[in-house]
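Asker: Coordinates in final-v8.cif, mmCIF, N, CA and C atoms, are listed below.
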```
data_entry
#
loop_
_atom_site.label_atom_id
_atom_site.label_comp_id
_atom_site.auth_asym_id
_atom_site.auth_seq_id
_atom_site.Cartn_x
_atom_site.Cartn_y
_atom_site.Cartn_z
N MET M 1 25.69 14.11 -35.51
CA MET M 1 26.68 14.46 -34.51
C MET M 1 27.36 13.18 -34.04
N LYS M 2 28.66 13.15 -34.02
CA LYS M 2 29.43 11.99 -33.57
C LYS M 2 30.22 12.40 -32.34
N ILE M 3 30.18 11.53 -31.34
CA ILE M 3 30.96 11.76 -30.13
C ILE M 3 32.06 10.71 -30.10
N LYS M 4 33.28 11.15 -30.02
CA LYS M 4 34.41 10.23 -29.99
C LYS M 4 34.92 10.12 -28.56
N THR M 5 35.08 8.90 -28.11
CA THR M 5 35.74 8.65 -26.83
C THR M 5 36.92 7.75 -27.12
N SER M 6 37.67 7.46 -26.08
CA SER M 6 38.86 6.64 -26.29
C SER M 6 38.49 5.21 -26.67
N ASN M 7 37.31 4.72 -26.20
CA ASN M 7 36.96 3.32 -26.45
C ASN M 7 35.86 3.13 -27.48
N SER M 8 35.06 4.14 -27.72
CA SER M 8 33.91 3.89 -28.57
C SER M 8 33.49 5.14 -29.32
N SER M 9 32.59 4.93 -30.21
CA SER M 9 32.02 6.02 -30.99
C SER M 9 30.51 5.89 -30.90
N ILE M 10 29.83 6.96 -30.52
CA ILE M 10 28.38 6.94 -30.37
C ILE M 10 27.80 7.97 -31.32
N SER M 11 26.85 7.52 -32.11
CA SER M 11 26.18 8.49 -32.97
C SER M 11 24.89 8.90 -32.28
N GLN M 12 24.61 10.18 -32.31
CA GLN M 12 23.45 10.70 -31.61
C GLN M 12 22.68 11.60 -32.55
N THR M 13 21.38 11.34 -32.65
CA THR M 13 20.57 12.22 -33.48
C THR M 13 20.05 13.35 -32.61
N GLN M 14 19.78 14.46 -33.23
CA GLN M 14 19.26 15.60 -32.50
C GLN M 14 17.77 15.37 -32.22
N ILE M 15 17.38 15.46 -30.96
CA ILE M 15 15.99 15.30 -30.56
C ILE M 15 15.50 16.65 -30.08
N SER M 16 14.46 17.12 -30.69
CA SER M 16 13.94 18.43 -30.28
C SER M 16 13.07 18.26 -29.04
N PRO M 17 13.01 19.27 -28.18
CA PRO M 17 12.13 19.20 -27.00
C PRO M 17 10.68 18.97 -27.37
N GLN M 18 10.26 19.43 -28.55
CA GLN M 18 8.88 19.21 -28.99
C GLN M 18 8.59 17.71 -29.13
N ASP M 19 9.56 16.97 -29.67
CA ASP M 19 9.36 15.53 -29.85
C ASP M 19 9.25 14.82 -28.50
N ILE M 20 10.02 15.28 -27.53
CA ILE M 20 10.03 14.61 -26.24
C ILE M 20 8.76 14.92 -25.46
N TYR M 21 8.39 16.18 -25.41
CA TYR M 21 7.30 16.58 -24.51
C TYR M 21 5.93 16.57 -25.17
N ASN M 22 5.87 16.51 -26.48
CA ASN M 22 4.57 16.51 -27.14
C ASN M 22 4.27 15.17 -27.79
N GLY M 23 4.50 14.11 -27.07
CA GLY M 23 4.13 12.79 -27.57
C GLY M 23 5.20 12.12 -28.42
N GLY M 24 6.32 12.74 -28.59
CA GLY M 24 7.37 12.11 -29.35
C GLY M 24 8.06 11.04 -28.53
N GLY M 25 8.90 10.25 -29.14
CA GLY M 25 9.58 9.19 -28.42
C GLY M 25 11.06 9.46 -28.32
N PHE M 26 11.67 8.84 -27.35
CA PHE M 26 13.11 8.92 -27.23
C PHE M 26 13.75 8.03 -28.28
N LYS M 27 14.99 8.31 -28.57
CA LYS M 27 15.74 7.47 -29.50
C LYS M 27 15.94 6.11 -28.84
N PRO M 28 15.58 5.04 -29.50
CA PRO M 28 15.76 3.71 -28.89
C PRO M 28 17.24 3.39 -28.70
N ILE M 29 17.50 2.56 -27.70
CA ILE M 29 18.88 2.17 -27.42
C ILE M 29 19.29 1.13 -28.45
N ASN M 30 20.41 1.37 -29.03
CA ASN M 30 20.96 0.49 -30.05
C ASN M 30 22.12 -0.27 -29.43
N THR M 31 22.25 -1.55 -29.74
CA THR M 31 23.35 -2.34 -29.17
C THR M 31 24.70 -1.82 -29.61
N MET M 32 24.76 -1.23 -30.77
CA MET M 32 26.04 -0.67 -31.24
C MET M 32 26.43 0.54 -30.38
N ASP M 33 25.42 1.25 -29.84
CA ASP M 33 25.72 2.38 -28.96
C ASP M 33 26.31 1.90 -27.64
N LEU M 34 25.93 0.69 -27.22
CA LEU M 34 26.41 0.16 -25.94
C LEU M 34 27.76 -0.55 -26.05
N LEU M 35 28.12 -0.92 -27.25
CA LEU M 35 29.36 -1.67 -27.46
C LEU M 35 30.56 -0.85 -26.97
N ASN M 36 31.29 -1.40 -26.04
CA ASN M 36 32.48 -0.77 -25.45
C ASN M 36 32.16 0.54 -24.76
N ASN M 37 30.94 0.73 -24.30
CA ASN M 37 30.55 1.95 -23.61
C ASN M 37 30.20 1.58 -22.17
N GLU M 38 31.22 1.57 -21.35
CA GLU M 38 31.05 1.12 -19.96
C GLU M 38 30.09 2.01 -19.18
N THR M 39 30.11 3.30 -19.40
CA THR M 39 29.24 4.22 -18.67
C THR M 39 27.77 3.94 -18.97
N ALA M 40 27.44 3.76 -20.24
CA ALA M 40 26.05 3.50 -20.62
C ALA M 40 25.59 2.16 -20.07
N ILE M 41 26.43 1.16 -20.10
CA ILE M 41 26.08 -0.16 -19.56
C ILE M 41 25.86 -0.07 -18.05
N ASN M 42 26.75 0.66 -17.35
CA ASN M 42 26.57 0.83 -15.90
C ASN M 42 25.27 1.57 -15.58
N GLN M 43 24.94 2.58 -16.38
CA GLN M 43 23.69 3.29 -16.16
C GLN M 43 22.48 2.37 -16.37
N LEU M 44 22.53 1.55 -17.39
CA LEU M 44 21.45 0.59 -17.63
C LEU M 44 21.32 -0.40 -16.48
N LEU M 45 22.45 -0.91 -15.99
CA LEU M 45 22.42 -1.85 -14.87
C LEU M 45 21.89 -1.19 -13.60
N ASN M 46 22.33 0.04 -13.35
CA ASN M 46 21.82 0.76 -12.17
C ASN M 46 20.32 1.00 -12.26
N ASP M 47 19.87 1.39 -13.45
CA ASP M 47 18.44 1.60 -13.64
C ASP M 47 17.66 0.30 -13.45
N HIS M 48 18.20 -0.78 -13.98
CA HIS M 48 17.56 -2.10 -13.80
C HIS M 48 17.52 -2.49 -12.32
N ASN M 49 18.60 -2.28 -11.61
CA ASN M 49 18.64 -2.63 -10.18
C ASN M 49 17.65 -1.78 -9.37
N GLN M 50 17.55 -0.50 -9.69
CA GLN M 50 16.59 0.36 -8.99
C GLN M 50 15.16 -0.09 -9.24
N LYS M 51 14.86 -0.43 -10.47
CA LYS M 51 13.51 -0.89 -10.80
C LYS M 51 13.23 -2.24 -10.14
N SER M 52 14.22 -3.09 -10.07
CA SER M 52 14.07 -4.39 -9.41
C SER M 52 13.81 -4.22 -7.92
N GLN M 53 14.53 -3.31 -7.28
CA GLN M 53 14.29 -3.03 -5.86
C GLN M 53 12.90 -2.46 -5.64
N ARG M 54 12.46 -1.60 -6.53
CA ARG M 54 11.12 -1.02 -6.41
C ARG M 54 10.04 -2.09 -6.57
N VAL M 55 10.25 -3.02 -7.48
CA VAL M 55 9.30 -4.12 -7.66
C VAL M 55 9.23 -4.95 -6.38
N ASN M 56 10.37 -5.24 -5.77
CA ASN M 56 10.38 -6.01 -4.52
C ASN M 56 9.67 -5.25 -3.40
N GLU M 57 9.87 -3.93 -3.33
CA GLU M 57 9.17 -3.12 -2.33
C GLU M 57 7.66 -3.19 -2.55
N LEU M 58 7.24 -3.11 -3.80
CA LEU M 58 5.81 -3.17 -4.10
C LEU M 58 5.22 -4.54 -3.79
N ILE M 59 5.99 -5.60 -4.04
CA ILE M 59 5.52 -6.95 -3.70
C ILE M 59 5.33 -7.07 -2.20
N ASN M 60 6.27 -6.54 -1.41
CA ASN M 60 6.13 -6.57 0.04
C ASN M 60 4.94 -5.74 0.50
N GLU M 61 4.72 -4.60 -0.14
CA GLU M 61 3.58 -3.75 0.22
C GLU M 61 2.26 -4.46 -0.08
N VAL M 62 2.20 -5.13 -1.22
CA VAL M 62 0.99 -5.89 -1.56
C VAL M 62 0.77 -7.00 -0.55
N SER M 63 1.83 -7.66 -0.14
CA SER M 63 1.72 -8.72 0.87
C SER M 63 1.17 -8.18 2.18
N ASP M 64 1.69 -7.03 2.61
CA ASP M 64 1.19 -6.42 3.85
C ASP M 64 -0.27 -6.02 3.73
N LEU M 65 -0.64 -5.49 2.57
CA LEU M 65 -2.03 -5.09 2.37
C LEU M 65 -2.97 -6.29 2.34
N LYS M 66 -2.50 -7.40 1.74
CA LYS M 66 -3.31 -8.63 1.75
C LYS M 66 -3.49 -9.13 3.18
N SER M 67 -2.44 -9.07 3.96
CA SER M 67 -2.50 -9.49 5.35
C SER M 67 -3.47 -8.62 6.14
N ASP M 68 -3.41 -7.31 5.93
CA ASP M 68 -4.33 -6.40 6.61
C ASP M 68 -5.78 -6.65 6.19
N LEU M 69 -5.98 -6.96 4.91
CA LEU M 69 -7.33 -7.25 4.43
C LEU M 69 -7.88 -8.52 5.09
N GLU M 70 -7.05 -9.54 5.20
CA GLU M 70 -7.49 -10.77 5.88
C GLU M 70 -7.81 -10.49 7.34
N PHE M 71 -7.02 -9.64 7.97
CA PHE M 71 -7.30 -9.26 9.36
C PHE M 71 -8.65 -8.58 9.46
N GLN M 72 -8.92 -7.67 8.53
CA GLN M 72 -10.21 -6.96 8.56
C GLN M 72 -11.37 -7.92 8.32
N LYS M 73 -11.17 -8.91 7.45
CA LYS M 73 -12.23 -9.87 7.18
C LYS M 73 -12.55 -10.74 8.39
N THR M 74 -11.54 -11.07 9.18
CA THR M 74 -11.75 -11.98 10.31
C THR M 74 -12.01 -11.25 11.63
N SER M 75 -11.83 -9.95 11.66
CA SER M 75 -12.01 -9.21 12.91
C SER M 75 -13.43 -9.32 13.45
N SER M 76 -14.41 -9.20 12.57
CA SER M 76 -15.79 -9.29 13.06
C SER M 76 -16.10 -10.69 13.58
N PHE M 77 -15.54 -11.71 12.96
CA PHE M 77 -15.74 -13.07 13.43
C PHE M 77 -15.19 -13.24 14.85
N TYR M 78 -13.98 -12.76 15.06
CA TYR M 78 -13.38 -12.86 16.39
C TYR M 78 -14.16 -12.04 17.42
N ALA M 79 -14.67 -10.90 17.00
CA ALA M 79 -15.45 -10.07 17.93
C ALA M 79 -16.74 -10.78 18.34
N ILE M 80 -17.40 -11.44 17.40
CA ILE M 80 -18.62 -12.17 17.72
C ILE M 80 -18.33 -13.33 18.66
N ILE M 81 -17.29 -14.09 18.35
CA ILE M 81 -16.90 -15.22 19.21
C ILE M 81 -16.57 -14.72 20.62
N ALA M 82 -15.79 -13.66 20.72
CA ALA M 82 -15.42 -13.12 22.03
C ALA M 82 -16.65 -12.62 22.78
N SER M 83 -17.59 -12.00 22.07
CA SER M 83 -18.81 -11.53 22.73
C SER M 83 -19.64 -12.68 23.28
N VAL M 84 -19.75 -13.75 22.52
CA VAL M 84 -20.51 -14.92 22.98
C VAL M 84 -19.84 -15.53 24.20
N ILE M 85 -18.52 -15.68 24.13
CA ILE M 85 -17.79 -16.26 25.27
C ILE M 85 -17.93 -15.37 26.50
N ASN M 86 -17.82 -14.06 26.31
CA ASN M 86 -17.98 -13.13 27.45
C ASN M 86 -19.40 -13.17 28.01
N ALA M 87 -20.39 -13.31 27.15
CA ALA M 87 -21.78 -13.40 27.63
C ALA M 87 -21.99 -14.68 28.44
N ILE M 88 -21.45 -15.79 27.95
CA ILE M 88 -21.55 -17.06 28.69
C ILE M 88 -20.85 -16.93 30.04
N GLY M 89 -19.68 -16.29 30.03
CA GLY M 89 -18.95 -16.09 31.29
C GLY M 89 -19.71 -15.22 32.26
N SER M 90 -20.34 -14.16 31.76
CA SER M 90 -21.10 -13.27 32.64
C SER M 90 -22.31 -13.99 33.25
N VAL M 91 -23.00 -14.76 32.42
CA VAL M 91 -24.15 -15.52 32.93
C VAL M 91 -23.68 -16.55 33.96
N ALA M 92 -22.58 -17.23 33.69
CA ALA M 92 -22.06 -18.23 34.64
C ALA M 92 -21.67 -17.57 35.96
N ILE M 93 -21.08 -16.39 35.90
CA ILE M 93 -20.71 -15.69 37.14
C ILE M 93 -21.97 -15.29 37.90
N GLY M 94 -22.97 -14.78 37.17
CA GLY M 94 -24.21 -14.38 37.83
C GLY M 94 -24.93 -15.55 38.48
N VAL M 95 -25.05 -16.65 37.75
CA VAL M 95 -25.72 -17.85 38.29
C VAL M 95 -24.89 -18.44 39.43
N GLY M 96 -23.58 -18.47 39.24
CA GLY M 96 -22.69 -19.00 40.28
C GLY M 96 -22.77 -18.19 41.55
N GLY M 97 -22.83 -16.86 41.40
CA GLY M 97 -22.96 -16.00 42.58
C GLY M 97 -24.28 -16.23 43.31
N GLY M 98 -25.34 -16.45 42.54
CA GLY M 98 -26.63 -16.74 43.17
C GLY M 98 -26.63 -18.07 43.89
N ILE M 99 -25.97 -19.06 43.32
CA ILE M 99 -25.92 -20.38 43.94
C ILE M 99 -25.01 -20.36 45.17
N ILE M 100 -23.94 -19.57 45.14
CA ILE M 100 -23.04 -19.48 46.29
C ILE M 100 -23.79 -18.94 47.50
N SER M 101 -24.72 -18.01 47.28
CA SER M 101 -25.47 -17.45 48.41
C SER M 101 -26.34 -18.50 49.09
N ASN M 102 -26.65 -19.59 48.37
CA ASN M 102 -27.39 -20.71 48.97
C ASN M 102 -26.45 -21.78 49.54
N GLU M 103 -25.15 -21.46 49.57
CA GLU M 103 -24.11 -22.32 50.12
C GLU M 103 -23.97 -23.65 49.40
N ALA M 104 -24.08 -23.63 48.08
CA ALA M 104 -23.86 -24.83 47.29
C ALA M 104 -22.48 -24.73 46.63
N SER M 105 -21.74 -25.83 46.61
CA SER M 105 -20.37 -25.81 46.08
C SER M 105 -20.34 -25.69 44.56
N ILE M 106 -21.42 -26.04 43.88
CA ILE M 106 -21.46 -25.90 42.43
C ILE M 106 -21.35 -24.43 42.01
N GLY M 107 -21.74 -23.53 42.89
CA GLY M 107 -21.65 -22.10 42.61
C GLY M 107 -20.21 -21.65 42.39
N TYR M 108 -19.28 -22.21 43.16
CA TYR M 108 -17.87 -21.87 42.99
C TYR M 108 -17.34 -22.37 41.64
N VAL M 109 -17.82 -23.53 41.24
CA VAL M 109 -17.41 -24.08 39.93
C VAL M 109 -17.90 -23.16 38.81
N LEU M 110 -19.18 -22.76 38.90
CA LEU M 110 -19.72 -21.86 37.89
C LEU M 110 -19.00 -20.50 37.90
N LEU M 111 -18.67 -20.04 39.08
CA LEU M 111 -17.94 -18.77 39.20
C LEU M 111 -16.58 -18.87 38.52
N CYS M 112 -15.87 -19.97 38.76
CA CYS M 112 -14.54 -20.16 38.12
C CYS M 112 -14.68 -20.30 36.61
N ILE M 113 -15.70 -21.02 36.15
CA ILE M 113 -15.92 -21.17 34.70
C ILE M 113 -16.22 -19.80 34.08
N GLY M 114 -17.04 -19.01 34.77
CA GLY M 114 -17.38 -17.67 34.26
C GLY M 114 -16.16 -16.77 34.16
N VAL M 115 -15.33 -16.79 35.18
CA VAL M 115 -14.10 -15.96 35.16
C VAL M 115 -13.18 -16.44 34.04
N LEU M 116 -13.06 -17.75 33.89
CA LEU M 116 -12.22 -18.31 32.83
C LEU M 116 -12.75 -17.90 31.44
N CYS M 117 -14.07 -17.93 31.26
CA CYS M 117 -14.65 -17.51 29.98
C CYS M 117 -14.37 -16.03 29.71
N LEU M 118 -14.49 -15.20 30.72
CA LEU M 118 -14.21 -13.77 30.53
C LEU M 118 -12.74 -13.53 30.17
N ILE M 119 -11.85 -14.26 30.80
CA ILE M 119 -10.41 -14.12 30.49
C ILE M 119 -10.15 -14.56 29.06
N ILE M 120 -10.72 -15.71 28.64
CA ILE M 120 -10.51 -16.20 27.27
C ILE M 120 -11.09 -15.23 26.25
N GLY M 121 -12.30 -14.72 26.52
CA GLY M 121 -12.91 -13.76 25.60
C GLY M 121 -12.08 -12.49 25.46
N SER M 122 -11.52 -12.03 26.55
CA SER M 122 -10.68 -10.82 26.51
C SER M 122 -9.38 -11.09 25.77
N ILE M 123 -8.79 -12.24 26.01
CA ILE M 123 -7.53 -12.58 25.33
C ILE M 123 -7.75 -12.71 23.82
N LEU M 124 -8.90 -13.26 23.42
CA LEU M 124 -9.18 -13.38 21.98
C LEU M 124 -9.13 -12.02 21.28
N THR M 125 -9.75 -11.03 21.88
CA THR M 125 -9.77 -9.72 21.23
C THR M 125 -8.42 -9.01 21.29
N ILE M 126 -7.65 -9.26 22.33
CA ILE M 126 -6.36 -8.59 22.47
C ILE M 126 -5.30 -9.21 21.56
N THR M 127 -5.25 -10.52 21.50
CA THR M 127 -4.16 -11.20 20.80
C THR M 127 -4.43 -11.45 19.33
N HIS M 128 -5.62 -11.13 18.84
CA HIS M 128 -5.94 -11.44 17.44
C HIS M 128 -4.96 -10.79 16.47
N ARG M 129 -4.55 -9.58 16.72
CA ARG M 129 -3.64 -8.88 15.81
C ARG M 129 -2.29 -9.57 15.74
N TRP M 130 -1.80 -10.10 16.85
CA TRP M 130 -0.49 -10.77 16.85
C TRP M 130 -0.58 -12.18 16.31
N VAL M 131 -1.69 -12.83 16.54
CA VAL M 131 -1.84 -14.21 16.06
C VAL M 131 -1.86 -14.24 14.54
N ARG M 132 -2.44 -13.23 13.91
CA ARG M 132 -2.51 -13.24 12.44
C ARG M 132 -1.12 -13.20 11.81
N THR M 133 -0.16 -12.55 12.46
CA THR M 133 1.19 -12.50 11.89
C THR M 133 1.87 -13.86 11.97
N LEU M 134 1.47 -14.68 12.93
CA LEU M 134 2.06 -16.01 13.02
C LEU M 134 1.59 -16.92 11.89
N PHE M 135 0.34 -16.75 11.48
CA PHE M 135 -0.24 -17.64 10.49
C PHE M 135 -0.15 -17.12 9.07
N ASN M 136 0.15 -15.86 8.88
CA ASN M 136 0.26 -15.31 7.55
C ASN M 136 1.69 -15.46 7.06
N LYS M 137 1.85 -16.21 5.99
CA LYS M 137 3.17 -16.37 5.41
C LYS M 137 3.38 -15.31 4.34
N LYS M 138 4.64 -15.04 4.06
CA LYS M 138 4.94 -14.11 2.97
C LYS M 138 4.62 -14.81 1.65
N PRO M 139 3.87 -14.14 0.77
CA PRO M 139 3.56 -14.78 -0.50
C PRO M 139 4.79 -14.87 -1.40
N SER M 140 4.79 -15.88 -2.24
CA SER M 140 5.89 -16.01 -3.18
C SER M 140 5.60 -15.14 -4.39
N MET M 141 6.50 -15.13 -5.34
CA MET M 141 6.35 -14.29 -6.53
C MET M 141 5.16 -14.75 -7.38
N THR M 142 4.70 -15.99 -7.20
CA THR M 142 3.61 -16.51 -8.03
C THR M 142 2.24 -16.21 -7.44
N ASP M 143 2.16 -15.68 -6.18
CA ASP M 143 0.85 -15.39 -5.58
C ASP M 143 0.20 -14.20 -6.22
#
```
Produce structure tokens that represent the structure in this file.

Answerer:
Amino acid sequence: MKIKTSNSSISQTQISPQDIYNGGGFKPINTMDLLNNETAINQLLNDHNQKSQRVNELINEVSDLKSDLEFQKTSSFYAIIASVINAIGSVAIGVGGGIISNEASIGYVLLCIGVLCLIIGSILTITHRWVRTLFNKKPSMTD
């Protein structure tokens, strides 16, 4: 079968549905079929651009998943550190409160240190999710 257009001639072989759907292959693209065939070339370029955009989307998705994985790996570490800091702060507040009842000025210092430790421990757990985005760079194509 020959298809004549104003600019080109394309020869096309008959492909049966059995060949396509039962393991057969499509007719390979021949450069002679593309010669002076603007529509076919545009379709190939559009298909290439769509696949290129999809690859970029997948690269970004992999980057986000790597970032989330790193967050999950470090979350327990931050939780342990925050727990230790909060425990130190609680003990300092308790000891400071006991010393204040004996009217010693060191009790106020311990009380302030304890409150500061509790604030730092709380901030660690709250801000960890935002801090990771500051330190995680977008991977390049070679990562």

Asker: Choose the residue, out of M:Gly107, M:Leu65, M:Ile100, M:Val115, that has the smallest atom-to-atom separation from Ile88 of chain M; count all atoms listed in the file.

Answerer: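 Closest candidate: M:Val115.
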
Asker: In Å, how far is it from atom CA of Glu61 of chain M to atom CA of His128 of chain M?

Answerer: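 According to the coordinates, atom CA of Glu61 of chain M and atom CA of His128 of chain M are separated by 21.1 Å.
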
Asker: Here is a test: counting only N, CA and C atoms, which residue of M:Asn42, M:Thr125, M:Ser90, M:Ser101 is nearest to Ile113 of chain M?

Answerer: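 Of M:Asn42, M:Thr125, M:Ser90, M:Ser101, the one nearest Ile113 of chain M is M:Ser90, counting only N, CA and C atoms.
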
Asker: Please identify all polymer residues lying at most 6.5 Å from the point (-17.4, -18.2, 27.2) (file coordinates), using all atoms listed in the file, and present the result as JSON, numbers by chain.

Answerer: {"M": [84, 85, 86, 87, 88, 89, 116, 117, 118, 121]}

Asker: To one decimal in Å, tell me the separation between atom CA of Thr127 of chain M and atom CA of Ala79 of chain M.

Answerer: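 Spanning atom CA of Thr127 of chain M to atom CA of Ala79 of chain M is a straight-line distance of 11.7 Å.
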
Asker: Work out how far apart atom N of Ser122 of chain M and atom C of Glu103 of chain M are and give it in Å to one decimal.

Answerer: 28.5 Å
